[in-house]
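What follows is a short report on a single structure.
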Amino acid sequence: MVFKNILLEQPEAGIYLLTVNRPTALNSLNSATLDEFAAALTRVAADEAARVLLVTGTGDKAFVAGADISEMRDATIEQAREFSEKGMRVMHALERLPVPVIALVNGYALGGGCELALACDWILAADRAVFGQPEVNLGIPPGFGGTQRLPRRIGTARALELLTTARQVKADEAATLGLANHVCPASELRSKGLEMARVIASKGPVAVRLAKQAVQRGGNLDLFAACALETELFAQAFTTQDRKEGMSAFLEKRPPKFSGR
Ligand code: CO8
């Protein structure tokens with residue numbers, strides 16, 4: 001598939017950068033963009049050498065200003081359901097991507113844009129970032145997972161306040177709420193994202209994937225079942241060359257050389 005609404009680059013070995021690229025519509029997500037997004041995720045998931053995915057938006061104003069309102073205006077109930085399901089598939093695919101996904105939120109992350117950021121594993125926000133779920137202003141509730149992922153990230157009461165008032169929060173408040181992990185000057189967002197990605201890429205790749213899997217899958221289980229899952233994934237790591245290399249390197253007082261196997 002040739003991408004028109006997104007850019008998929010590999011700025012460094014193992015590090016992918018996916019940029020939503022519809023600057024004239026503040027990077028809002030229409031159906032075509034979601035299709036491209038899904039195809040890009042399939043590509044990253046299939047690359048054994050992939051270590052991290054960074055997700056951002058083009059320009060200095062918006063990460064993603066939501067789902068494309070002009071495309072939704074005349075939608076029927078069936079089309080609305082189909083569009084929501086398509087968005088949900090993308091958000092689930094992001095969450096289930098084997099490697100960590102970091103949202104670099106460079107500006108407005110509203111509605112579907114906030115939901116996109118929430119489907120990433122964590123958020124690095126530029127100081128000018130603005131988050132919000134303004135759907136109730138349009139007469140709709142969120143439809144790309146915001147009513148589920150926002151309360152899981154910041155707690156039910158705080159999420160309900162934002163979901164029902166449409167109040168927008170700036171980067172610092174987003175960090176206080178636990179929505180964003182870190183805030184940095186906008187001019188440093190890309191370099192900070194790459195720095196973080198490099199750290200992850202230097203670790204044992206299978207261990208990183210297993211840790212993500214344990215957190216993502218375990219979050220939907222009760223504690224007992226989740227800990228049993230952790231045991232299983234922990235044990236699996238003992239079939240890898242990397243865990244032998246990691247432990248040997250520690251004992252031999254040298255840096256490890258991980259192969260991803
Ligand atoms: N959809 C389509 N076009 C958009 C969107 C959007 N979400 N956001 C901005 N644009 C367009 C504007 O229409 C404008 O286009 P044009 O230049 O042709 O007039 C251009 O982008 C620039 O926008 P503004 O002139 O409005 O820029 P401002 O700096 O004045 O304002 C804002 C920036 C505050 C971000 C403002 O654009 C805004 O409020 N945008 C809408 C935000 C919003 O309501 N997002 C939620 C959308 S609904 C949603 O995401 C639901 C997700 C689940 C859907 C499930 C489907 C069933």
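Starting from 1 in every chain, residues are counted up; chains themselves are A, B, ... following the order of the structure tokens, and ligands are numbered from 1 as listed.
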Contact residues around A:Lys244 with only C-alpha atoms at 12 Å, ignoring same-chain residues under 6 positions, as a PDB file with N, CA and C atoms, in the first residue's frame:
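Output file result29.pdb is given in full below:
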ATOM      1  N   GLY A 204      17.376  -6.372  25.993  1.00  0.00           N
ATOM      2  CA  GLY A 204      17.072  -7.667  25.398  1.00  0.00           C
ATOM      3  C   GLY A 204      15.727  -7.590  24.678  1.00  0.00           C
ATOM      4  N   ALA A 207      12.964  -9.957  25.879  1.00  0.00           N
ATOM      5  CA  ALA A 207      12.528  -9.581  27.238  1.00  0.00           C
ATOM      6  C   ALA A 207      11.607  -8.368  27.194  1.00  0.00           C
ATOM      7  N   ALA A 237      11.396 -16.882  28.708  1.00  0.00           N
ATOM      8  CA  ALA A 237      12.641 -16.144  28.457  1.00  0.00           C
ATOM      9  C   ALA A 237      13.860 -17.050  28.605  1.00  0.00           C
ATOM     10  N   PHE A 238      13.698 -18.138  29.388  1.00  0.00           N
ATOM     11  CA  PHE A 238      14.826 -19.039  29.625  1.00  0.00           C
ATOM     12  C   PHE A 238      15.106 -19.955  28.439  1.00  0.00           C
ATOM     13  N   PHE A 250      26.627  -9.951  32.598  1.00  0.00           N
ATOM     14  CA  PHE A 250      26.662  -9.353  33.939  1.00  0.00           C
ATOM     15  C   PHE A 250      27.771  -9.993  34.765  1.00  0.00           C
ATOM     16  N   LEU A 251      27.814 -11.322  34.762  1.00  0.00           N
ATOM     17  CA  LEU A 251      28.790 -12.026  35.604  1.00  0.00           C
ATOM     18  C   LEU A 251      30.223 -11.822  35.102  1.00  0.00           C
ATOM     19  N   GLU A 252      30.359 -11.613  33.803  1.00  0.00           N
ATOM     20  CA  GLU A 252      31.703 -11.383  33.227  1.00  0.00           C
ATOM     21  C   GLU A 252      32.058  -9.897  33.174  1.00  0.00           C
ATOM     22  N   PRO A 256      26.237  -6.525  27.495  1.00  0.00           N
ATOM     23  CA  PRO A 256      25.661  -7.648  26.738  1.00  0.00           C
ATOM     24  C   PRO A 256      25.570  -7.334  25.251  1.00  0.00           C
ATOM     25  N   LYS A 257      25.604  -8.408  24.445  1.00  0.00           N
ATOM     26  CA  LYS A 257      25.366  -8.265  22.994  1.00  0.00           C
ATOM     27  C   LYS A 257      24.127  -9.080  22.671  1.00  0.00           C
ATOM     28  N   PHE A 258      22.988  -8.402  22.619  1.00  0.00           N
ATOM     29  CA  PHE A 258      21.736  -9.135  22.398  1.00  0.00           C
ATOM     30  C   PHE A 258      21.508  -9.370  20.909  1.00  0.00           C
ATOM     31  N   SER A 259      20.929 -10.546  20.598  1.00  0.00           N
ATOM     32  CA  SER A 259      20.683 -10.891  19.190  1.00  0.00           C
ATOM     33  C   SER A 259      19.193 -10.899  18.863  1.00  0.00           C
ATOM     34  N   GLY A 260      18.348 -10.828  19.900  1.00  0.00           N
ATOM     35  CA  GLY A 260      16.903 -10.916  19.647  1.00  0.00           C
ATOM     36  C   GLY A 260      16.432 -12.365  19.523  1.00  0.00           C
ATOM     37  N   ARG A 261      17.290 -13.293  19.946  1.00  0.00           N
ATOM     38  CA  ARG A 261      16.891 -14.710  19.874  1.00  0.00           C
ATOM     39  C   ARG A 261      16.996 -15.386  21.225  1.00  0.00           C
TER      40      ARG A 261
END
**Request:** Would you mind listing what lies within 12 Å of A:Glu173 as a PyMOL selection string, with only C-alpha atoms counted and same-chain residues fewer than 3 positions away left out?
**Result:** chain A and resi 125+127-132+154+158+167-170+176-183
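Of the listed residues (A:Leu7, A:Leu18, A:Ala226, A:Val90), A:Val90 comes nearest to ligand 1; the distances count only C-alpha atoms and all ligand atoms.
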Counting only C-alpha atoms and all ligand atoms, which residues in chain A sit no more than 7 Å from ligand 1? For each one, give the nearest pair of atoms and the distance in Å, sorted by chain then residue number, as CSV.
residue,atom,partner,partner_atom_place_in_ligand_line,distance
A:Thr24,CA,ligand 1,21 (O),5.6
A:Ala25,CA,ligand 1,21 (O),3.6
A:Leu26,CA,ligand 1,21 (O),4.7
A:Ser28,CA,ligand 1,7 (N),5.0
A:Ala62,CA,ligand 1,35 (C),7.0
A:Ala65,CA,ligand 1,7 (N),4.8
A:Gly66,CA,ligand 1,50 (O),3.5
A:Ala67,CA,ligand 1,50 (O),3.7
A:Asp68,CA,ligand 1,1 (N),3.4
A:Ile69,CA,ligand 1,1 (N),4.0
A:Ser70,CA,ligand 1,2 (C),5.3
A:Met72,CA,ligand 1,56 (C),6.9
A:Ala80,CA,ligand 1,57 (C),4.1
A:Arg81,CA,ligand 1,57 (C),5.8
A:Phe83,CA,ligand 1,56 (C),5.1
A:Ser84,CA,ligand 1,56 (C),4.3
A:Tyr108,CA,ligand 1,35 (C),5.8
A:Leu110,CA,ligand 1,45 (N),4.9
A:Gly111,CA,ligand 1,50 (O),3.6
A:Gly112,CA,ligand 1,50 (O),3.6
A:Gly113,CA,ligand 1,50 (O),6.5
A:Gln133,CA,ligand 1,46 (C),6.7
A:Pro134,CA,ligand 1,44 (O),5.1
A:Glu135,CA,ligand 1,48 (S),5.1
A:Leu138,CA,ligand 1,44 (O),6.8
A:Pro142,CA,ligand 1,53 (C),4.9
A:Gly143,CA,ligand 1,53 (C),3.7
A:Phe144,CA,ligand 1,53 (C),4.7
Take the residues just selected and output them with C-alpha atoms as a compact mmCIF listing (two decimals), in the first residue's frame.
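File produced: out_3.txt:
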# COMPACT_ATOMS: atom_id res chain seq x y z
CA THR A 24 -4.71 20.74 6.32
CA ALA A 25 -7.20 18.89 8.56
CA LEU A 26 -4.98 18.98 11.66
CA SER A 28 -7.67 14.19 11.82
CA ALA A 62 -1.72 19.04 16.15
CA ALA A 65 -7.36 16.66 16.22
CA GLY A 66 -9.77 13.71 16.37
CA ALA A 67 -11.73 11.65 13.93
CA ASP A 68 -12.57 13.53 10.73
CA ILE A 69 -15.78 15.37 11.52
CA SER A 70 -16.56 16.15 7.88
CA MET A 72 -18.81 11.63 10.04
CA ALA A 80 -20.95 5.05 12.41
CA ARG A 81 -20.62 1.51 13.75
CA PHE A 83 -16.11 3.62 11.44
CA SER A 84 -15.92 3.04 15.18
CA TYR A 108 -3.75 18.95 20.01
CA LEU A 110 -8.44 15.65 20.91
CA GLY A 111 -11.18 13.03 20.63
CA GLY A 112 -9.83 10.22 18.44
CA GLY A 113 -6.39 11.84 18.81
CA GLN A 133 -12.32 14.34 24.72
CA PRO A 134 -14.56 17.02 23.19
CA GLU A 135 -17.02 14.57 21.58
CA LEU A 138 -20.58 17.29 18.86
CA PRO A 142 -16.06 8.79 22.21
CA GLY A 143 -15.94 5.87 19.76
CA PHE A 144 -12.30 4.80 19.54
**Asked** Which parts of stretch 5-194 of chain A does DSSP call helix (DSSP H, G or I) when run on the backbone here, written out as a PyMOL selection string?
**Response** chain A and resi 23-25+31-46+69-72+77-96+112-119+134-138+146-154+156-165+171-177+186-194
**Prompt:** Can you list, as a PyMOL selection string, every protein, DNA or RNA residue that comes within 10 Å of A:Arg51 when you count only C-alpha atoms, leaving out same-chain residues fewer than 4 positions away?
**Reply:** chain A and resi 13-16+44-45+47+98-101+197-198+200-206+208-209+260
**Request:** Just the residues within 12 Å of A:Gln148, please, counting only C-alpha atoms, with nothing from its chain fewer than 5 positions along; format it as number ranges by chain.
**Result:** A: 88, 91, 115, 118-119, 141-143, 153-156, 159-160, 163
**Request:** Select from stretch 27-235 of chain A everything DSSP, run on the backbone, classes as strand (DSSP E or B), then give the selection as an NGL selection string.
**Result:** :A and (29 or 52-57 or 62-64 or 67 or 101-105 or 108-110 or 122-126 or 130-132 or 169-170 or 182-184)
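With atom CA of A:Gln213 on one side and atom CA of A:Arg190 on the other, the separation reads 25.7 Å.
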**Item:** Counting only C-alpha atoms, the option among A:Lys61, A:Lys253, A:Lys212, A:Arg217 closest to A:Leu229
**Value:** A:Arg217
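Counting only C-alpha atoms, A:Asn137 has the following residues at most 9 Å away, ignoring those fewer than 3 positions along the same chain: Pro134, Ile140, Thr165 and Ala166 of chain A.
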**Item:** Non-local contacts of stretch 92-94 of chain A (9 Å; only C-alpha atoms; under 5 positions in same chain excluded) as a list in words
**Value:** Ala38, Leu41, Thr42, Gly87, Val101, Leu116, Ala119, Cys120 and Asp121 of chain A
**Request:** Just the residues within 8 Å of A:Asp60, please, counting only C-alpha atoms, with nothing from its chain fewer than 2 positions along; format it as a count of residues only.
**Result:** 4
**Asked** Could you state the separation of atom CA of A:Glu48 and atom CA of A:Leu8 in Å, given to one decimal place?
**Response** 16.4 Å
